[in-house]
Amino acid sequence: MAEPILVERRNRIAIVTVNRPERRNAFDLATAEAIYKAFKQFDADDTLDVAVLTGAGGNFCAGADLHALASGEKRPFLAEGDFAPMGCTRLKLSKPVIAAVEGYAVAGGIEVASWCDMRVAAKSATFGVFCRRFGVPLVDLGTIRLPRLIGHSRAMDLILTGRPVKADEALQMGLANRVVEDGKALETAIEIAEQLSAFPQTCMRGDRLSAIAQWDLDWDQATKNEMEGGLNAIKQGETLAGASRFSGGQGRHGKF
């Protein structure tokens with residue numbers, strides 16, 4: 001039996017692939033456990049900076065494997081802890097993850113895509129809360145992340161109707177960050193990951209974590225948290241090193 005999750009290393013990038021194309025990469029319990037383990041290992045690995053999450057066989061993820069559920073698979077639905085029904089969606093990583101979406105990212109798949117920091121979508125990609133048709137609830141933070149990503153009104157449209165959303169509309173509403181030609185989502189996501197990996201990491205990761213944490217903080221707490229993260233980057237020497245590079249002529253006029 002093939003491994004449900006494949007992990008490839010490319011320089012300082014981890015490419016995580018859901019490998020169940022016969023189920024449009026729907027997650028059974030073994031897949032949820034494997035992706036949870038893969039991202040825990042990614043976050044703990046100091047030789048990796050960014051992860052790209054994709055699916056094999058032309059689809060990102062069709063959600064939970066309803067065939068497995070219908071056949072009696074018992075999956076732990078826990079209100080606490082960092083293991084989610086789709087495995088990874090409660091993990092609070094210290095490093096970014098980019099979704100490369102071809103085909104369907106629906107039901108639990110849209111929740112996994114929403115967990116990622118960015119989403120690169122192929123032109124023919126389809127997002128949607130397709131589980132609406134079958135009485136399967138959003139239990140991987142979809143009711144929380146979707147309103148935060150795209151606004152309450154648009155999120156309610158998706159959550160209540162379960163309608164399909166194509167890539168161009170997903171881009172317009174902020175669900176997708178980039179739209180590319182079919183078959184190019186993974187390539188583009190890796191290119192972005194390499195760009196992120198080339199940046200000073202303490203500063204970038206601190207800014208990312210501050211942006212995530214502020215949802216749970218009041219204004220004064222968020223301000224304090226942002227400053228603490230910024231001071232850490234300064235103390236690590238990244239800011240002075242960057243200022244010196246700029247003074248020496250690098251990066252002028254917005255050049256990266």
# chains A, B, ... in the order shown; residues from 1 in each chain; ligands from 1
>>> closest_atom_pairs(of="stretch 171-249 of chain A", to="stretch 25-47 of chain A", cutoff="12 Å", atoms="only C-alpha atoms", output="tab-separated table")
residue	atom	partner	partner_atom	distance
A:Ser197	CA	A:Thr47	CA	10.6
A:Gln201	CA	A:Asp46	CA	11.0
A:Arg205	CA	A:Asp43	CA	11.8
>>> write_last_selection(atoms="C-alpha atoms", output="PDB file, in the first residue's frame")
ATOM      1  CA  SER A 197      13.516  30.952   2.291  1.00  0.00           C
ATOM      2  CA  GLN A 201      14.161  34.121   8.785  1.00  0.00           C
ATOM      3  CA  ARG A 205       8.780  34.393  11.059  1.00  0.00           C
TER       4      ARG A 205
END
>>> residues_around(residues="A:Arg20", least_positions_apart="4", cutoff="12 Å", atoms="only C-alpha atoms", output="list in words")
Met1, Ala2, Glu3, Pro4, Ile5, Leu6, Arg24, Asn25, Ala26, Phe27, Asp28, Ala30, Thr31, Ala32, Thr54, Gly55, Ala56, Gly57, Gly58, Asn59, Phe60, Cys61, Ala62, Gly63, Ala64 and Asp65 of chain A
>>> residues_around(residues="A:Arg119", least_positions_apart="4", cutoff="12 Å", atoms="only C-alpha atoms", output="JSON, numbers by chain")
{"A": [52, 53, 54, 60, 96, 97, 98, 99, 100, 101, 102, 105, 110, 111, 112, 113, 114, 115, 125, 127, 149, 167, 170, 171, 174, 175, 176, 177, 178, 179, 180, 185, 186, 188, 189, 190, 192, 193]}
>>> select_by_dssp(residues="stretch 49-111 of chain A", states="alpha helix (DSSP H)", output="PyMOL selection string")
chain A and resi 66-70+108-111
>>> residues_around(residues="A:Cys131", least_positions_apart="4", cutoff="10 Å", atoms="only C-alpha atoms", output="ChimeraX atom specification")
/A:62-64,66,106-108,135-138,159,162
>>> write_last_selection(atoms="N, CA and C atoms", output="PDB file, in the first residue's frame")
ATOM      1  N   ALA A  62     -10.216  16.402  -1.364  1.00  0.00           N
ATOM      2  CA  ALA A  62     -11.679  16.374  -1.396  1.00  0.00           C
ATOM      3  C   ALA A  62     -12.289  16.252  -0.007  1.00  0.00           C
ATOM      4  N   GLY A  63     -11.489  16.504   1.033  1.00  0.00           N
ATOM      5  CA  GLY A  63     -12.030  16.482   2.394  1.00  0.00           C
ATOM      6  C   GLY A  63     -11.837  15.153   3.084  1.00  0.00           C
ATOM      7  N   ALA A  64     -12.729  14.865   4.021  1.00  0.00           N
ATOM      8  CA  ALA A  64     -12.678  13.588   4.732  1.00  0.00           C
ATOM      9  C   ALA A  64     -13.127  12.462   3.801  1.00  0.00           C
ATOM     10  N   LEU A  66     -15.331   9.918   3.012  1.00  0.00           N
ATOM     11  CA  LEU A  66     -16.654   9.491   3.457  1.00  0.00           C
ATOM     12  C   LEU A  66     -16.844   7.992   3.293  1.00  0.00           C
ATOM     13  N   VAL A 106     -12.020  21.008  -1.501  1.00  0.00           N
ATOM     14  CA  VAL A 106     -13.413  21.134  -1.071  1.00  0.00           C
ATOM     15  C   VAL A 106     -13.632  20.406   0.249  1.00  0.00           C
ATOM     16  N   ALA A 107     -14.734  20.782   0.923  1.00  0.00           N
ATOM     17  CA  ALA A 107     -15.074  20.211   2.228  1.00  0.00           C
ATOM     18  C   ALA A 107     -13.875  20.391   3.167  1.00  0.00           C
ATOM     19  N   GLY A 108     -13.403  19.317   3.790  1.00  0.00           N
ATOM     20  CA  GLY A 108     -12.219  19.445   4.632  1.00  0.00           C
ATOM     21  C   GLY A 108     -11.007  19.934   3.873  1.00  0.00           C
ATOM     22  N   GLY A 135     -24.401  16.733   5.221  1.00  0.00           N
ATOM     23  CA  GLY A 135     -24.533  16.897   6.664  1.00  0.00           C
ATOM     24  C   GLY A 135     -23.238  16.686   7.422  1.00  0.00           C
ATOM     25  N   VAL A 136     -22.108  16.885   6.730  1.00  0.00           N
ATOM     26  CA  VAL A 136     -20.798  16.760   7.376  1.00  0.00           C
ATOM     27  C   VAL A 136     -20.347  18.154   7.798  1.00  0.00           C
ATOM     28  N   PRO A 137     -20.124  18.399   9.092  1.00  0.00           N
ATOM     29  CA  PRO A 137     -19.827  19.749   9.558  1.00  0.00           C
ATOM     30  C   PRO A 137     -18.383  20.145   9.285  1.00  0.00           C
ATOM     31  N   LEU A 138     -18.153  21.444   9.347  1.00  0.00           N
ATOM     32  CA  LEU A 138     -16.803  21.985   9.310  1.00  0.00           C
ATOM     33  C   LEU A 138     -16.245  21.921  10.729  1.00  0.00           C
ATOM     34  N   ILE A 159     -20.280  28.866   3.203  1.00  0.00           N
ATOM     35  CA  ILE A 159     -20.632  27.906   4.251  1.00  0.00           C
ATOM     36  C   ILE A 159     -22.084  27.463   4.140  1.00  0.00           C
ATOM     37  N   GLY A 162     -22.635  25.959   0.081  1.00  0.00           N
ATOM     38  CA  GLY A 162     -21.759  24.884  -0.388  1.00  0.00           C
ATOM     39  C   GLY A 162     -21.415  24.963  -1.854  1.00  0.00           C
TER      40      GLY A 162
END
>>> closest_residue(among="A:Asp207, A:Val165, A:Ile144, A:Lys235", to="A:Thr223", atoms="only C-alpha atoms")
A:Asp207
>>> atom_distance(atom1="atom CA of A:Val139", atom2="atom CA of A:Gly81")
13.4 Å
>>> atom_distance(atom1="atom CA of A:Gly151", atom2="atom CA of A:Val129")
15.6 Å
>>> closest_residue(among="A:Asp117, A:Asp140, A:Glu194, A:Glu22", to="A:Leu48", atoms="only C-alpha atoms")
A:Glu194
>>> atom_distance(atom1="atom CA of A:Glu80", atom2="atom CA of A:Glu226")
26.9 Å
>>> closest_residue(among="A:Gln250, A:Ala70, A:Met118, A:Asp168", to="A:Phe134", atoms="only C-alpha atoms")
A:Ala70
>>> closest_residue(among="A:Leu141, A:Ala222, A:Gln172, A:Gln236", to="A:Leu91", atoms="only C-alpha atoms")
A:Leu141
